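Working notes, beginning with the structure itself.
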Amino acid sequence: MSENVIEVNDVSMEFRLYKEKVDSLKEYAIKRLKHELEYDNFWALKNVSFEVKKGEAVGLVGRNGSGKSTMLKVIAGVLKPTLGSVRIAGSIAPMIELGAGFDFDLTARENIFLNGAILGYPREMLEENVENIIKFAELEKFIDVPVKNFSSGMVTRLGFSIATVYQPDILIVDEILSVGDFKFQNKCEERIQEMLEKGTTLLLVSHSTEQVRRVCDKAVLLYNGNMLLNGNVDEVCNLYTTL
Amino acid sequence: MRYIENFKKYLPLLQELVSRDLKTKYRRSALGFLWTVLNPLGMMLVLTVVFSTVFQQSIDNFPVYLMCGQLIFNFYNESSSMAMNSIVDNAALIKKVYLPKYLFPMSRVCSALVNVLTSFIALLIVILITQTPITWTIFLVVFPIFYTLLFSLGAGMILSVMTVSFRDIKHLYGVITTAWMYLTPIFYPMSMLPAKLASIVQKNPLTIFVDMMRMVVLYNKVPPVIMHAKCWLVCGVVVVIGFVMFKKKQDTFILKL
Ligand SMILES: Nc1ncnc2c1ncn2[C@@H]1O[C@H](COP(=O)(O)OP(=O)(O)OP(=O)(O)O)[C@@H](O)[C@H]1O
Ligand SMILES: [Mg+2]
């Protein structure tokens, strides 16, 4: 039980903030000639290292802009770190933004297959589980309605339901639990707890320290891209609230 | 090996992306599928009326001649333009989920391939109406279409990489394809061109594909090996450049979207 499923080794992430966004060939040529292509370096993450063991639930806390989402994206492979490396053992279900990749012109049913394929789930498994997904999201009446006619909460429900139909080795959750209504939030938390019991590893970003304390046993505190503290959830949350 | 494994895992996604393209395309218009057959037919009619008097002596069976050229050129034009925009269009997804990004241009080219089938139906209709004699060589159309597919994929990948950095490539490419169309023997015979222009048109890769298409559909001939070799060379070079460029730049896409 002590193997590391996520190893973040000295990860730094640099973004270039151009003074003006140059995205046309014409502007680029002009700016280049005039030597006006200036940018500021901005390190969204600075030498962050931590490890997560199998079956652990780790919270990631920090103020707005401290680099939490960036960290999750690096772990999920969406962003490639400028320096350092990340090692992952197992399958990842990234819930960085639910319903990313929904096509709003397609119906809920069609989106289940599209979104499922995006997450790399096999088609047969999705076919077997269409009913379960719809039932969990409580969208039985809307299954053949285009997603553009859904409320944002409904979209989130569908996204959560699709992403969690399959038990991944690692679940990455970025502040998504705050969109659904109270009852659905509880349902999501229950499902996450269930997965934890079955051995899934969780990485959770949340601004609710209550929720982090309830769900996680360890936590990591980020501050302006630096890792301030990595340890017991109560210690970390206490420090976070005094920041 | 790892690449093949990964490709297999995401094969269902490729299918989903293609079926999404087709669904959204055909659902919007009431005539749907029928329209994509009628569209090349209509274009052919207009162009035949306009040009057949001009090139009457030099081209027999102008409608089929024209449609063979059109089919190949439109396939290239549609697939490369759609592939060009594929990365920018899927920005929302690329920012949030890890995916092999080559799937986006690839899926667009595959969707265009499905549209080619409908243009091919239109071509068959015209062949029937004009009572053009055809032989088994018509089955060889898979070759020119396959080569055009490869060429479009390579070109589409190169264009998609460039479009991420420079959004105005899109408009520039519109101008280029217009010029490219006139430099492809779609509605005129090669023999009509002055020597200088002919040498340019000869170097246009699409010319070989169009020639091959006409060879198998209109002239009932088997394309010689040397022609295939040329096609492989051209497609190979473009595809390799496309993949190498794409692979080198794909990690920076997210920073520019
Ligand atoms: N693509 C990008 N280009 C430039 N800067 C970026 C990019 N993505 C993030 N940043 C910067 O990185 C910093 C960290 O952003 P991040 O989204 O990780 O914050 P966060 O901790 O998730 O904040 P929040 O609590 O608001 O979700 C921010 O200052 C942001 O401006
Ligand atoms: Mg965030």
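Residues in the structure tokens are named by chain (A, B, ... in the order shown) and by number from 1 within that chain; ligands are numbered from 1 in the order shown.
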Next item on the list: Pick out the residues no farther than 6 Å from ligand 1, counting only C-alpha atoms and all ligand atoms, and list them as a PyMOL selection string.
Entry: (chain A and resi 15+17+44+63-70) or (chain B and resi 255)
So that I have them on file, write out the residues from the current selection with C-alpha atoms, as a PDB file, in the first residue's frame.
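out00.pdb was written with the following content:
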```
ATOM      1  CA  PHE A  15       4.080  31.226 -18.609  1.00  0.00           C
ATOM      2  CA  LEU A  17       2.806  36.999 -20.510  1.00  0.00           C
ATOM      3  CA  ALA A  44       3.028  29.810 -11.924  1.00  0.00           C
ATOM      4  CA  ARG A  63      -5.590  31.397  -2.676  1.00  0.00           C
ATOM      5  CA  ASN A  64      -6.820  32.376  -6.132  1.00  0.00           C
ATOM      6  CA  GLY A  65      -4.007  32.285  -8.626  1.00  0.00           C
ATOM      7  CA  SER A  66      -1.696  30.284  -6.405  1.00  0.00           C
ATOM      8  CA  GLY A  67      -1.263  27.621  -9.065  1.00  0.00           C
ATOM      9  CA  LYS A  68      -3.637  24.855  -7.993  1.00  0.00           C
ATOM     10  CA  SER A  69      -5.317  24.332 -11.346  1.00  0.00           C
ATOM     11  CA  THR A  70      -1.955  24.599 -13.062  1.00  0.00           C
TER      12      THR A  70
ATOM     13  CA  LEU B 255       0.102  28.169 -24.199  1.00  0.00           C
TER      14      LEU B 255
END
```
If we count only C-alpha atoms, what is near Tyr219 in chain B at a cut-off of 10 Å, once residues fewer than 5 positions away on the same chain are taken out, given as a PDB file with N, CA and C atoms, in the first residue's frame?
```
ATOM      1  N   TYR B  65     -15.006  14.834 -67.035  1.00  0.00           N
ATOM      2  CA  TYR B  65     -13.655  15.391 -66.916  1.00  0.00           C
ATOM      3  C   TYR B  65     -13.603  16.405 -65.769  1.00  0.00           C
ATOM      4  N   THR B 132     -21.138   7.329 -70.075  1.00  0.00           N
ATOM      5  CA  THR B 132     -19.699   7.162 -70.203  1.00  0.00           C
ATOM      6  C   THR B 132     -19.368   5.685 -70.000  1.00  0.00           C
ATOM      7  N   PRO B 133     -18.613   5.092 -70.906  1.00  0.00           N
ATOM      8  CA  PRO B 133     -18.261   3.682 -70.689  1.00  0.00           C
ATOM      9  C   PRO B 133     -17.256   3.548 -69.545  1.00  0.00           C
ATOM     10  N   ILE B 134     -17.541   2.678 -68.601  1.00  0.00           N
ATOM     11  CA  ILE B 134     -16.561   2.470 -67.530  1.00  0.00           C
ATOM     12  C   ILE B 134     -16.192   0.991 -67.476  1.00  0.00           C
ATOM     13  N   THR B 135     -14.994   0.717 -66.954  1.00  0.00           N
ATOM     14  CA  THR B 135     -14.570  -0.680 -66.782  1.00  0.00           C
ATOM     15  C   THR B 135     -14.195  -0.885 -65.322  1.00  0.00           C
ATOM     16  N   THR B 137     -11.580  -0.625 -63.979  1.00  0.00           N
ATOM     17  CA  THR B 137     -10.560   0.304 -63.475  1.00  0.00           C
ATOM     18  C   THR B 137     -11.166   1.365 -62.561  1.00  0.00           C
ATOM     19  N   ILE B 138     -12.470   1.526 -62.615  1.00  0.00           N
ATOM     20  CA  ILE B 138     -13.070   2.548 -61.755  1.00  0.00           C
ATOM     21  C   ILE B 138     -12.851   2.226 -60.278  1.00  0.00           C
ATOM     22  N   MET B 212      -4.563  10.942 -62.248  1.00  0.00           N
ATOM     23  CA  MET B 212      -4.781   9.535 -61.935  1.00  0.00           C
ATOM     24  C   MET B 212      -6.279   9.236 -61.840  1.00  0.00           C
ATOM     25  N   MET B 213      -6.999  10.184 -61.247  1.00  0.00           N
ATOM     26  CA  MET B 213      -8.449  10.030 -61.115  1.00  0.00           C
ATOM     27  C   MET B 213      -9.092   9.886 -62.490  1.00  0.00           C
ATOM     28  N   ARG B 214      -8.681  10.731 -63.414  1.00  0.00           N
ATOM     29  CA  ARG B 214      -9.267  10.684 -64.760  1.00  0.00           C
ATOM     30  C   ARG B 214      -8.861   9.420 -65.491  1.00  0.00           C
TER      31      ARG B 214
END
```
Surrounding residues of Val74 in chain A excluding itself and chain neighbours under 2 positions, 10 Å, only C-alpha atoms, as a PDB file with all heavy atoms, in the first residue's frame:
```pdb
ATOM      1  N   VAL A   8       5.577  14.116  -7.961  1.00  0.00           N
ATOM      2  CA  VAL A   8       5.851  15.407  -8.581  1.00  0.00           C
ATOM      3  C   VAL A   8       7.272  15.786  -8.193  1.00  0.00           C
ATOM      4  O   VAL A   8       7.569  15.968  -7.017  1.00  0.00           O
ATOM      5  CB  VAL A   8       4.845  16.466  -8.093  1.00  0.00           C
ATOM      6  CG1 VAL A   8       5.181  17.831  -8.665  1.00  0.00           C
ATOM      7  CG2 VAL A   8       3.432  16.064  -8.459  1.00  0.00           C
ATOM      8  N   VAL A  11       8.784  20.401  -9.900  1.00  0.00           N
ATOM      9  CA  VAL A  11       8.106  20.941 -11.073  1.00  0.00           C
ATOM     10  C   VAL A  11       8.023  22.466 -11.039  1.00  0.00           C
ATOM     11  O   VAL A  11       7.649  23.056 -10.027  1.00  0.00           O
ATOM     12  CB  VAL A  11       6.688  20.347 -11.211  1.00  0.00           C
ATOM     13  CG1 VAL A  11       5.837  21.193 -12.137  1.00  0.00           C
ATOM     14  CG2 VAL A  11       6.767  18.921 -11.724  1.00  0.00           C
ATOM     15  N   SER A  12       8.418  23.095 -12.134  1.00  0.00           N
ATOM     16  CA  SER A  12       8.229  24.535 -12.297  1.00  0.00           C
ATOM     17  C   SER A  12       7.510  24.769 -13.610  1.00  0.00           C
ATOM     18  O   SER A  12       7.751  24.073 -14.585  1.00  0.00           O
ATOM     19  CB  SER A  12       9.568  25.261 -12.336  1.00  0.00           C
ATOM     20  OG  SER A  12      10.274  25.026 -11.141  1.00  0.00           O
ATOM     21  N   MET A  13       6.612  25.742 -13.601  1.00  0.00           N
ATOM     22  CA  MET A  13       5.864  26.025 -14.823  1.00  0.00           C
ATOM     23  C   MET A  13       5.964  27.502 -15.140  1.00  0.00           C
ATOM     24  O   MET A  13       5.598  28.345 -14.316  1.00  0.00           O
ATOM     25  CB  MET A  13       4.398  25.630 -14.600  1.00  0.00           C
ATOM     26  CG  MET A  13       3.536  25.756 -15.838  1.00  0.00           C
ATOM     27  SD  MET A  13       3.827  24.401 -16.995  1.00  0.00           S
ATOM     28  CE  MET A  13       3.833  25.317 -18.520  1.00  0.00           C
ATOM     29  N   LYS A  68      -3.017  26.164  -8.241  1.00  0.00           N
ATOM     30  CA  LYS A  68      -3.637  24.855  -7.993  1.00  0.00           C
ATOM     31  C   LYS A  68      -4.082  24.185  -9.297  1.00  0.00           C
ATOM     32  O   LYS A  68      -3.733  23.036  -9.547  1.00  0.00           O
ATOM     33  CB  LYS A  68      -4.858  25.006  -7.060  1.00  0.00           C
ATOM     34  CG  LYS A  68      -4.534  25.658  -5.734  1.00  0.00           C
ATOM     35  CD  LYS A  68      -5.754  25.765  -4.865  1.00  0.00           C
ATOM     36  CE  LYS A  68      -6.878  26.610  -5.442  1.00  0.00           C
ATOM     37  NZ  LYS A  68      -6.586  28.037  -5.574  1.00  0.00           N
ATOM     38  N   SER A  69      -4.842  24.932 -10.087  1.00  0.00           N
ATOM     39  CA  SER A  69      -5.317  24.332 -11.346  1.00  0.00           C
ATOM     40  C   SER A  69      -4.145  23.988 -12.246  1.00  0.00           C
ATOM     41  O   SER A  69      -4.145  22.965 -12.926  1.00  0.00           O
ATOM     42  CB  SER A  69      -6.253  25.287 -12.069  1.00  0.00           C
ATOM     43  OG  SER A  69      -7.349  25.594 -11.251  1.00  0.00           O
ATOM     44  N   THR A  70      -3.142  24.866 -12.250  1.00  0.00           N
ATOM     45  CA  THR A  70      -1.955  24.599 -13.062  1.00  0.00           C
ATOM     46  C   THR A  70      -1.299  23.293 -12.625  1.00  0.00           C
ATOM     47  O   THR A  70      -0.931  22.467 -13.457  1.00  0.00           O
ATOM     48  CB  THR A  70      -0.957  25.762 -12.931  1.00  0.00           C
ATOM     49  OG1 THR A  70      -1.649  26.982 -13.219  1.00  0.00           O
ATOM     50  CG2 THR A  70       0.194  25.616 -13.875  1.00  0.00           C
ATOM     51  N   MET A  71      -1.193  23.101 -11.314  1.00  0.00           N
ATOM     52  CA  MET A  71      -0.612  21.860 -10.797  1.00  0.00           C
ATOM     53  C   MET A  71      -1.404  20.653 -11.279  1.00  0.00           C
ATOM     54  O   MET A  71      -0.832  19.661 -11.738  1.00  0.00           O
ATOM     55  CB  MET A  71      -0.614  21.917  -9.258  1.00  0.00           C
ATOM     56  CG  MET A  71       0.199  20.831  -8.577  1.00  0.00           C
ATOM     57  SD  MET A  71       1.959  20.980  -8.916  1.00  0.00           S
ATOM     58  CE  MET A  71       2.270  19.529  -9.890  1.00  0.00           C
ATOM     59  N   LEU A  72      -2.723  20.735 -11.175  1.00  0.00           N
ATOM     60  CA  LEU A  72      -3.556  19.605 -11.612  1.00  0.00           C
ATOM     61  C   LEU A  72      -3.382  19.333 -13.094  1.00  0.00           C
ATOM     62  O   LEU A  72      -3.312  18.184 -13.522  1.00  0.00           O
ATOM     63  CB  LEU A  72      -5.034  19.874 -11.319  1.00  0.00           C
ATOM     64  CG  LEU A  72      -5.445  19.898  -9.856  1.00  0.00           C
ATOM     65  CD1 LEU A  72      -6.960  19.936  -9.734  1.00  0.00           C
ATOM     66  CD2 LEU A  72      -4.904  18.690  -9.111  1.00  0.00           C
ATOM     67  N   ALA A  76      -2.240  15.961 -14.833  1.00  0.00           N
ATOM     68  CA  ALA A  76      -3.113  15.279 -15.791  1.00  0.00           C
ATOM     69  C   ALA A  76      -2.481  15.174 -17.175  1.00  0.00           C
ATOM     70  O   ALA A  76      -3.040  14.540 -18.055  1.00  0.00           O
ATOM     71  CB  ALA A  76      -4.451  16.000 -15.892  1.00  0.00           C
ATOM     72  N   GLY A  77      -1.330  15.822 -17.366  1.00  0.00           N
ATOM     73  CA  GLY A  77      -0.659  15.733 -18.660  1.00  0.00           C
ATOM     74  C   GLY A  77      -1.153  16.759 -19.662  1.00  0.00           C
ATOM     75  O   GLY A  77      -0.744  16.738 -20.821  1.00  0.00           O
ATOM     76  N   VAL A  78      -2.040  17.643 -19.219  1.00  0.00           N
ATOM     77  CA  VAL A  78      -2.560  18.661 -20.135  1.00  0.00           C
ATOM     78  C   VAL A  78      -1.464  19.684 -20.431  1.00  0.00           C
ATOM     79  O   VAL A  78      -1.284  20.119 -21.560  1.00  0.00           O
ATOM     80  CB  VAL A  78      -3.796  19.359 -19.534  1.00  0.00           C
ATOM     81  CG1 VAL A  78      -4.304  20.441 -20.470  1.00  0.00           C
ATOM     82  CG2 VAL A  78      -4.891  18.346 -19.255  1.00  0.00           C
ATOM     83  N   LEU A  79      -0.743  20.060 -19.385  1.00  0.00           N
ATOM     84  CA  LEU A  79       0.385  20.985 -19.538  1.00  0.00           C
ATOM     85  C   LEU A  79       1.675  20.212 -19.325  1.00  0.00           C
ATOM     86  O   LEU A  79       1.734  19.320 -18.478  1.00  0.00           O
ATOM     87  CB  LEU A  79       0.323  22.065 -18.457  1.00  0.00           C
ATOM     88  CG  LEU A  79      -0.546  23.281 -18.651  1.00  0.00           C
ATOM     89  CD1 LEU A  79      -0.563  24.084 -17.358  1.00  0.00           C
ATOM     90  CD2 LEU A  79       0.002  24.131 -19.777  1.00  0.00           C
ATOM     91  N   LYS A  80       2.672  20.582 -20.077  1.00  0.00           N
ATOM     92  CA  LYS A  80       3.973  19.967 -19.872  1.00  0.00           C
ATOM     93  C   LYS A  80       4.809  20.921 -19.024  1.00  0.00           C
ATOM     94  O   LYS A  80       4.942  22.082 -19.375  1.00  0.00           O
ATOM     95  CB  LYS A  80       4.623  19.750 -21.230  1.00  0.00           C
ATOM     96  CG  LYS A  80       5.744  18.788 -21.168  1.00  0.00           C
ATOM     97  CD  LYS A  80       6.206  18.398 -22.538  1.00  0.00           C
ATOM     98  CE  LYS A  80       7.334  17.411 -22.373  1.00  0.00           C
ATOM     99  NZ  LYS A  80       7.692  16.776 -23.611  1.00  0.00           N
ATOM    100  N   PRO A  81       5.361  20.456 -17.902  1.00  0.00           N
ATOM    101  CA  PRO A  81       6.095  21.384 -17.043  1.00  0.00           C
ATOM    102  C   PRO A  81       7.342  21.914 -17.740  1.00  0.00           C
ATOM    103  O   PRO A  81       7.969  21.211 -18.521  1.00  0.00           O
ATOM    104  CB  PRO A  81       6.468  20.531 -15.829  1.00  0.00           C
ATOM    105  CG  PRO A  81       6.385  19.123 -16.296  1.00  0.00           C
ATOM    106  CD  PRO A  81       5.348  19.092 -17.372  1.00  0.00           C
ATOM    107  N   THR A  82       7.667  23.188 -17.446  1.00  0.00           N
ATOM    108  CA  THR A  82       8.862  23.784 -18.032  1.00  0.00           C
ATOM    109  C   THR A  82      10.106  23.093 -17.485  1.00  0.00           C
ATOM    110  O   THR A  82      11.042  22.811 -18.214  1.00  0.00           O
ATOM    111  CB  THR A  82       8.913  25.287 -17.685  1.00  0.00           C
ATOM    112  OG1 THR A  82       7.611  25.826 -17.873  1.00  0.00           O
ATOM    113  CG2 THR A  82       9.893  26.011 -18.559  1.00  0.00           C
ATOM    114  N   SER A  85       9.595  17.002 -13.481  1.00  0.00           N
ATOM    115  CA  SER A  85       8.824  15.949 -14.129  1.00  0.00           C
ATOM    116  C   SER A  85       7.756  15.404 -13.198  1.00  0.00           C
ATOM    117  O   SER A  85       7.797  15.631 -11.988  1.00  0.00           O
ATOM    118  CB  SER A  85       9.752  14.818 -14.551  1.00  0.00           C
ATOM    119  OG  SER A  85      10.279  14.204 -13.391  1.00  0.00           O
ATOM    120  N   VAL A  86       6.813  14.734 -13.801  1.00  0.00           N
ATOM    121  CA  VAL A  86       5.743  14.121 -13.029  1.00  0.00           C
ATOM    122  C   VAL A  86       5.663  12.659 -13.429  1.00  0.00           C
ATOM    123  O   VAL A  86       5.724  12.350 -14.611  1.00  0.00           O
ATOM    124  CB  VAL A  86       4.393  14.810 -13.333  1.00  0.00           C
ATOM    125  CG1 VAL A  86       3.244  14.056 -12.699  1.00  0.00           C
ATOM    126  CG2 VAL A  86       4.411  16.243 -12.861  1.00  0.00           C
TER     127      VAL A  86
ATOM    128  N   TYR B  98      -6.056  15.715 -21.314  1.00  0.00           N
ATOM    129  CA  TYR B  98      -4.944  15.238 -22.116  1.00  0.00           C
ATOM    130  C   TYR B  98      -5.488  14.374 -23.249  1.00  0.00           C
ATOM    131  O   TYR B  98      -6.272  13.460 -23.027  1.00  0.00           O
ATOM    132  CB  TYR B  98      -3.955  14.393 -21.299  1.00  0.00           C
ATOM    133  CG  TYR B  98      -3.067  13.613 -22.234  1.00  0.00           C
ATOM    134  CD1 TYR B  98      -2.030  14.248 -22.884  1.00  0.00           C
ATOM    135  CD2 TYR B  98      -3.339  12.290 -22.558  1.00  0.00           C
ATOM    136  CE1 TYR B  98      -1.273  13.591 -23.822  1.00  0.00           C
ATOM    137  CE2 TYR B  98      -2.577  11.614 -23.510  1.00  0.00           C
ATOM    138  CZ  TYR B  98      -1.541  12.271 -24.125  1.00  0.00           C
ATOM    139  OH  TYR B  98      -0.813  11.616 -25.078  1.00  0.00           O
TER     140      TYR B  98
END
```
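Compared by their closest atoms to chain B, and using only C-alpha atoms, the residues A:Val220, A:Val215, A:Met95, A:Ala89 rank with A:Met95 nearest.
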Residues near Phe50 in chain A, cut-off 9 Å, only C-alpha atoms, skip fewer than 6 positions along chain, as a short mmCIF file (atom, residue, chain, number, x, y, z; two decimals) with N, CA and C atoms, in the first residue's frame:
```cif
data_model
loop_
_atom_site.label_atom_id
_atom_site.label_comp_id
_atom_site.auth_asym_id
_atom_site.auth_seq_id
_atom_site.Cartn_x
_atom_site.Cartn_y
_atom_site.Cartn_z
N ILE A 6 1.50 9.06 -7.58
CA ILE A 6 1.84 10.33 -8.20
C ILE A 6 3.14 10.83 -7.58
N GLU A 7 4.10 11.13 -8.42
CA GLU A 7 5.34 11.72 -7.92
C GLU A 7 5.58 13.02 -8.67
N VAL A 8 5.58 14.12 -7.96
CA VAL A 8 5.85 15.41 -8.58
C VAL A 8 7.27 15.79 -8.19
N ASN A 9 8.17 15.82 -9.17
CA ASN A 9 9.58 16.07 -8.88
C ASN A 9 9.99 17.46 -9.33
N ASP A 10 10.07 18.37 -8.37
CA ASP A 10 10.70 19.65 -8.64
C ASP A 10 10.10 20.36 -9.85
N VAL A 220 -1.79 19.79 0.60
CA VAL A 220 -0.63 20.55 0.14
C VAL A 220 -1.08 22.00 0.03
N ASN A 230 3.31 20.66 3.24
CA ASN A 230 2.78 19.40 2.72
C ASN A 230 2.68 18.49 3.92
#
```
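Rounded to one decimal, CA of Pro168 in chain A and CA of Ala92 in chain B lie 23.0 Å from each other.
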Checklist line | Those in range 6-212 of chain A with helix (DSSP H, G or I) from DSSP, as a ChimeraX atom specification | finding: /A:25-33,68-76,108-118,123-137,140-142,147-149,152-163,176-178,182-197,209-212
Close residues, Leu71 in chain B itself excluded, 9 Å, only C-alpha atoms, min 5 positions apart in chain, as an mmCIF file with N, CA, C and O atoms, in the first residue's frame:
```cif
data_model
loop_
_atom_site.group_PDB
_atom_site.id
_atom_site.type_symbol
_atom_site.label_atom_id
_atom_site.label_comp_id
_atom_site.auth_asym_id
_atom_site.auth_seq_id
_atom_site.Cartn_x
_atom_site.Cartn_y
_atom_site.Cartn_z
ATOM 1 N N PRO B 40 -22.349 19.150 -55.692
ATOM 2 C CA PRO B 40 -21.397 18.998 -56.816
ATOM 3 C C PRO B 40 -22.097 18.902 -58.168
ATOM 4 O O PRO B 40 -21.554 19.368 -59.176
ATOM 5 N N LEU B 66 -14.588 17.300 -65.797
ATOM 6 C CA LEU B 66 -14.661 18.358 -64.799
ATOM 7 C C LEU B 66 -14.881 17.789 -63.400
ATOM 8 O O LEU B 66 -14.199 18.171 -62.444
ATOM 9 N N TYR B 76 -9.332 17.918 -51.288
ATOM 10 C CA TYR B 76 -8.127 18.496 -50.696
ATOM 11 C C TYR B 76 -8.450 19.806 -49.973
ATOM 12 O O TYR B 76 -8.050 20.035 -48.843
ATOM 13 N N VAL B 116 -16.544 12.897 -49.440
ATOM 14 C CA VAL B 116 -16.123 12.528 -50.792
ATOM 15 C C VAL B 116 -17.022 11.425 -51.344
ATOM 16 O O VAL B 116 -17.342 11.405 -52.533
ATOM 17 N N SER B 119 -19.831 12.971 -53.016
ATOM 18 C CA SER B 119 -19.451 13.546 -54.306
ATOM 19 C C SER B 119 -19.264 12.446 -55.333
ATOM 20 O O SER B 119 -19.533 12.627 -56.524
ATOM 21 N N PHE B 120 -18.809 11.298 -54.862
ATOM 22 C CA PHE B 120 -18.593 10.183 -55.778
ATOM 23 C C PHE B 120 -19.927 9.666 -56.315
ATOM 24 O O PHE B 120 -20.033 9.305 -57.489
ATOM 25 N N LEU B 123 -20.820 11.845 -59.023
ATOM 26 C CA LEU B 123 -20.036 11.511 -60.213
ATOM 27 C C LEU B 123 -20.630 10.305 -60.936
ATOM 28 O O LEU B 123 -20.755 10.295 -62.164
ATOM 29 N N VAL B 210 -5.256 14.327 -59.776
ATOM 30 C CA VAL B 210 -6.369 14.551 -60.702
ATOM 31 C C VAL B 210 -6.180 13.704 -61.970
ATOM 32 O O VAL B 210 -7.111 13.053 -62.443
#
```
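Interatomic distance, CA of Ile226 in chain B to CA of Asp211 in chain B: 13.1 Å.
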Next item on the list: Please run DSSP on the backbone and report, as a PyMOL selection string, all residues within range 2-227 of chain A that come out as strand (DSSP E or B).
Entry: chain A and resi 4-18+39-53+57-61+83-88+92-95+107+146+170-174+201-205+218-223+226-227
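Residues in contact range of Val52 in chain A, defined as at most 9 Å between only C-alpha atoms, with sequence neighbours fewer than 3 positions away removed, read A:Glu3, A:Asn4, A:Val5, A:Ile6, A:Glu7, A:Val8, A:Gly55, A:Glu56, A:Ala57, A:Val58, A:Thr201, A:Leu202, A:Leu203.
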Selection from above, N, CA and C atoms, as a PDB file, in the first residue's frame, can you write it?
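New file out_17.pdb:
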```pdb
ATOM      1  N   GLU A   3       3.167   2.241  -2.282  1.00  0.00           N
ATOM      2  CA  GLU A   3       3.780   2.718  -3.514  1.00  0.00           C
ATOM      3  C   GLU A   3       3.222   4.105  -3.888  1.00  0.00           C
ATOM      4  N   ASN A   4       4.076   4.886  -4.524  1.00  0.00           N
ATOM      5  CA  ASN A   4       3.643   6.213  -4.956  1.00  0.00           C
ATOM      6  C   ASN A   4       2.911   6.109  -6.278  1.00  0.00           C
ATOM      7  N   VAL A   5       1.707   6.660  -6.355  1.00  0.00           N
ATOM      8  CA  VAL A   5       1.040   6.680  -7.654  1.00  0.00           C
ATOM      9  C   VAL A   5       1.244   8.014  -8.355  1.00  0.00           C
ATOM     10  N   ILE A   6       1.500   9.056  -7.583  1.00  0.00           N
ATOM     11  CA  ILE A   6       1.836  10.333  -8.200  1.00  0.00           C
ATOM     12  C   ILE A   6       3.138  10.825  -7.579  1.00  0.00           C
ATOM     13  N   GLU A   7       4.103  11.130  -8.421  1.00  0.00           N
ATOM     14  CA  GLU A   7       5.343  11.724  -7.921  1.00  0.00           C
ATOM     15  C   GLU A   7       5.578  13.022  -8.674  1.00  0.00           C
ATOM     16  N   VAL A   8       5.577  14.116  -7.961  1.00  0.00           N
ATOM     17  CA  VAL A   8       5.851  15.407  -8.581  1.00  0.00           C
ATOM     18  C   VAL A   8       7.272  15.786  -8.193  1.00  0.00           C
ATOM     19  N   GLY A  55      -4.268   5.166  -2.779  1.00  0.00           N
ATOM     20  CA  GLY A  55      -5.412   5.162  -1.879  1.00  0.00           C
ATOM     21  C   GLY A  55      -5.529   6.402  -1.004  1.00  0.00           C
ATOM     22  N   GLU A  56      -4.558   7.313  -1.088  1.00  0.00           N
ATOM     23  CA  GLU A  56      -4.625   8.525  -0.270  1.00  0.00           C
ATOM     24  C   GLU A  56      -5.580   9.551  -0.886  1.00  0.00           C
ATOM     25  N   ALA A  57      -6.106  10.402  -0.043  1.00  0.00           N
ATOM     26  CA  ALA A  57      -6.895  11.523  -0.546  1.00  0.00           C
ATOM     27  C   ALA A  57      -6.158  12.792  -0.143  1.00  0.00           C
ATOM     28  N   VAL A  58      -5.696  13.515  -1.128  1.00  0.00           N
ATOM     29  CA  VAL A  58      -4.880  14.696  -0.847  1.00  0.00           C
ATOM     30  C   VAL A  58      -5.598  15.951  -1.318  1.00  0.00           C
ATOM     31  N   THR A 201      -7.112   6.820  -5.728  1.00  0.00           N
ATOM     32  CA  THR A 201      -6.355   7.912  -5.135  1.00  0.00           C
ATOM     33  C   THR A 201      -7.010   9.225  -5.562  1.00  0.00           C
ATOM     34  N   LEU A 202      -7.136  10.157  -4.632  1.00  0.00           N
ATOM     35  CA  LEU A 202      -7.851  11.394  -4.950  1.00  0.00           C
ATOM     36  C   LEU A 202      -6.952  12.612  -4.785  1.00  0.00           C
ATOM     37  N   LEU A 203      -7.073  13.528  -5.723  1.00  0.00           N
ATOM     38  CA  LEU A 203      -6.419  14.822  -5.600  1.00  0.00           C
ATOM     39  C   LEU A 203      -7.521  15.860  -5.744  1.00  0.00           C
TER      40      LEU A 203
END
```
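Compared by their closest atoms to chain B, and using only C-alpha atoms, the residues A:Ile143, A:Val155, A:Ile172, A:Val165 rank with A:Ile172 nearest.
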Item checked: 12 Å contact set for range 31-36 of chain B, only C-alpha atoms, chain neighbours under 2 positions out, as a PyMOL selection string -> chain B and resi 22-29+38-43+112+114-123
Next item on the list: Please return, as a VMD selection string, all residues of chain B lying within 6 Å of chain A when only C-alpha atoms are considered.
Entry: chain B and resid 12 to 13 16 93 97 to 98 165 to 168
Write the residues you've just listed into a file as an mmCIF file, in the first residue's frame, and include C-alpha atoms for each of them.
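This went into out-v7.cif:
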```cif
data_model
loop_
_atom_site.group_PDB
_atom_site.id
_atom_site.type_symbol
_atom_site.label_atom_id
_atom_site.label_comp_id
_atom_site.auth_asym_id
_atom_site.auth_seq_id
_atom_site.Cartn_x
_atom_site.Cartn_y
_atom_site.Cartn_z
ATOM 1 C CA PRO B 12 -13.254 5.302 -30.534
ATOM 2 C CA LEU B 13 -12.628 9.005 -30.018
ATOM 3 C CA GLU B 16 -16.843 9.980 -32.247
ATOM 4 C CA LEU B 93 -10.872 20.607 -24.953
ATOM 5 C CA VAL B 97 -8.001 17.114 -21.008
ATOM 6 C CA TYR B 98 -4.944 15.238 -22.116
ATOM 7 C CA SER B 165 0.586 30.842 -33.685
ATOM 8 C CA PHE B 166 -0.779 33.025 -36.446
ATOM 9 C CA ARG B 167 -4.532 33.224 -36.795
ATOM 10 C CA ASP B 168 -4.388 35.164 -40.061
#
```
